[in-house]
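K.L.:
Provided herewith is a single structure, encoded as structure tokens, for subsequent inquiry.
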Amino acid sequence: MNRRQFASATAAALVTGPTASQHVDPALIGYFEQQLEGHYRADMFLGPHDLIGTVSAQYQLIDKLVRSAKGDVRRGLLRAGAAYAALVGWLYQDAGDLAAATFWRGVTQEIAVRSRDPHLIGYSLVNQAHVRTDLGDGHGVIDLCEAVLEGSDRLFPKVRIMAMQQQAHGASLVGDRAAVDRLIDTAGGLLPRVDDCLPWGNACRRTPGYLEVQRATCYGRLGLGREAEALWAQVLDGVPLAARRDRGVYLARRATVAAESRQPDHAVEIARSAVEIARETRSARMLRELGALERAMGPWHDAPVGRDLAEILAPVTEGS
């Protein structure tokens, strides 16, 4: 990323003040929370690129209002602002821009601390850990998640689940299968207790088979092809068509597992559907998974099945 691109990605969080004072109605907190849920749904359909500008602009408006708001209204807007910053960070991460994603994860943490909300502070650290996962830094992921989980009895079950599943990803990056299973199983025991009304961090309720998705992904990293394939077969049956971007990511991961299990024809069959979704959503995360598939199919590069895969991948790899 060059300096101009970085300035564009961070501009919404770096507005200099002071700004003109204005009345801030408490109803605005509910307005932004309702909008947030709509953005989450749109993200599943559209992928990141069409939403980054909209969500960044709304964060910028929240930041402006925070500078005028007082008392509980200000605290409520800070909580909303942290959730919006987290979503902007996720959108940049899904778009493959880890520099901008890291910046916005830092903004999330700052606003969460300013809100004095321990649940949001924990959530912001899990978001930081998610970036470390994409960077392949297993120990960094574990450090951040352990910080969330220390004395975590005071945190909502949802936040603890997020920290445990992310720590499982860290464990898979350092090759600790026992820790992966322990963390995912413990998080599963908390799922029935998720009953908060917070508008952010609801993937564990919104995504069917949420924890088994994490386990399957971790198993794939650990090279446990048979176990991962069985889980993907189970999970994909429950993923609604509306969750199009996520379904594409899961399909790409399943195809890679099939290739690593020496089932190249099965891998190519799965890849067809994943590529169609990748073309629509332009999710860099999905393209990264398809890149992993291409590497896993290396032994068949010159075979007919390898040429079939190259043809299938061409619409999303040409010019990249």
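All residue names refer to the structure tokens as shown: chains lettered A, B, ... in order, residues numbered from 1 in each chain, ligands numbered from 1 in order.
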Which neighbours of Glu212 of chain A fall inside 10 Å, counting only C-alpha atoms, when residues of the same chain fewer than 5 positions from it are skipped, and could you give them as a list of chain:residue names?
P.N.:
A:Gln165, A:Ile184, A:Asp185, A:Gly188, A:Thr217, A:Cys218, A:Ala228, A:Leu231, A:Trp232, A:Gln234, A:Val235
K.L.:
With the cut-off set at 12 Å and counting only C-alpha atoms, tabulate each residue of segment 220-281 of chain A with an atom at most that distance from an atom of segment 44-66 of chain A, showing the nearest atom pair and its distance in Å to one decimal, ordered by chain and increasing number, as JSON lines.
P.N.:
{"residue": "A:Val239", "atom": "CA", "partner": "A:Met44", "partner_atom": "CA", "distance": 11.6}
{"residue": "A:Pro240", "atom": "CA", "partner": "A:Met44", "partner_atom": "CA", "distance": 10.5}
{"residue": "A:Leu241", "atom": "CA", "partner": "A:Phe45", "partner_atom": "CA", "distance": 9.3}
{"residue": "A:Ala242", "atom": "CA", "partner": "A:Phe45", "partner_atom": "CA", "distance": 6.5}
{"residue": "A:Ala243", "atom": "CA", "partner": "A:Met44", "partner_atom": "CA", "distance": 5.0}
{"residue": "A:Arg244", "atom": "CA", "partner": "A:Phe45", "partner_atom": "CA", "distance": 5.7}
{"residue": "A:Arg245", "atom": "CA", "partner": "A:Met44", "partner_atom": "CA", "distance": 5.5}
{"residue": "A:Asp246", "atom": "CA", "partner": "A:Met44", "partner_atom": "CA", "distance": 6.8}
{"residue": "A:Arg247", "atom": "CA", "partner": "A:Met44", "partner_atom": "CA", "distance": 9.2}
{"residue": "A:Gly248", "atom": "CA", "partner": "A:Met44", "partner_atom": "CA", "distance": 10.5}
{"residue": "A:Val249", "atom": "CA", "partner": "A:Met44", "partner_atom": "CA", "distance": 11.3}
{"residue": "A:Ile277", "atom": "CA", "partner": "A:Gly47", "partner_atom": "CA", "distance": 9.8}
{"residue": "A:Ala278", "atom": "CA", "partner": "A:Gly47", "partner_atom": "CA", "distance": 9.2}
{"residue": "A:Arg279", "atom": "CA", "partner": "A:Gly47", "partner_atom": "CA", "distance": 10.5}
{"residue": "A:Glu280", "atom": "CA", "partner": "A:Leu46", "partner_atom": "CA", "distance": 7.6}
{"residue": "A:Thr281", "atom": "CA", "partner": "A:Gly47", "partner_atom": "CA", "distance": 4.6}
K.L.:
Residues of the last selection are to be written out with N, CA and C atoms, as a CSV table (one decimal), in the first residue's frame.
P.N.:
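Contents of the output file result-v4.csv:
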chain,number,residue,atom,x,y,z
A,239,VAL,N,-25.3,-24.2,5.6
A,239,VAL,CA,-25.0,-22.8,5.3
A,239,VAL,C,-26.1,-22.3,4.3
A,240,PRO,N,-26.8,-21.3,4.7
A,240,PRO,CA,-27.9,-20.7,3.8
A,240,PRO,C,-27.3,-20.1,2.6
A,241,LEU,N,-28.0,-20.1,1.5
A,241,LEU,CA,-27.5,-19.5,0.3
A,241,LEU,C,-27.3,-18.0,0.4
A,242,ALA,N,-28.0,-17.4,1.4
A,242,ALA,CA,-27.8,-16.0,1.6
A,242,ALA,C,-26.4,-15.6,2.1
A,243,ALA,N,-25.8,-16.5,2.8
A,243,ALA,CA,-24.4,-16.3,3.3
A,243,ALA,C,-23.4,-16.7,2.2
A,244,ARG,N,-23.5,-16.0,1.1
A,244,ARG,CA,-22.8,-16.4,-0.1
A,244,ARG,C,-21.3,-16.3,0.0
A,245,ARG,N,-20.8,-15.2,0.5
A,245,ARG,CA,-19.4,-15.0,0.6
A,245,ARG,C,-18.8,-16.1,1.5
A,246,ASP,N,-19.4,-16.3,2.7
A,246,ASP,CA,-18.9,-17.3,3.6
A,246,ASP,C,-18.9,-18.7,3.0
A,247,ARG,N,-20.0,-19.0,2.3
A,247,ARG,CA,-20.1,-20.3,1.6
A,247,ARG,C,-19.0,-20.5,0.6
A,248,GLY,N,-18.6,-19.4,-0.1
A,248,GLY,CA,-17.5,-19.5,-1.0
A,248,GLY,C,-16.2,-19.8,-0.3
A,249,VAL,N,-15.9,-19.2,0.8
A,249,VAL,CA,-14.7,-19.4,1.6
A,249,VAL,C,-14.7,-20.9,2.0
A,277,ILE,N,-18.6,-17.6,-6.8
A,277,ILE,CA,-18.8,-16.7,-5.7
A,277,ILE,C,-17.7,-15.7,-5.6
A,278,ALA,N,-16.4,-16.1,-5.8
A,278,ALA,CA,-15.3,-15.2,-5.7
A,278,ALA,C,-15.4,-14.1,-6.8
A,279,ARG,N,-15.9,-14.5,-8.0
A,279,ARG,CA,-16.0,-13.4,-9.0
A,279,ARG,C,-17.0,-12.4,-8.6
A,280,GLU,N,-18.0,-12.8,-7.9
A,280,GLU,CA,-19.1,-11.8,-7.5
A,280,GLU,C,-18.7,-10.9,-6.3
A,281,THR,N,-18.1,-11.5,-5.3
A,281,THR,CA,-17.8,-10.8,-4.1
A,281,THR,C,-16.4,-10.2,-4.0
K.L.:
Which one is closest to Gly306 of chain A: A:Leu173, A:Ala100, A:Ala271, A:Val141? Count only C-alpha atoms.
P.N.:
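Ranking A:Leu173, A:Ala100, A:Ala271, A:Val141 by distance to Gly306 of chain A, first place goes to A:Ala271.
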K.L.:
Quick one: distance from atom CA of Gln109 of chain A to atom CA of Asp25 of chain A in Å, one decimal?
P.N.:
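Interatomic distance, atom CA of Gln109 of chain A to atom CA of Asp25 of chain A: 25.2 Å.
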K.L.:
Calculate how many Å separate atom CA of Val107 of chain A from atom CA of Ile121 of chain A, rounding to one decimal.
P.N.:
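These atoms are spaced 11.4 Å apart.
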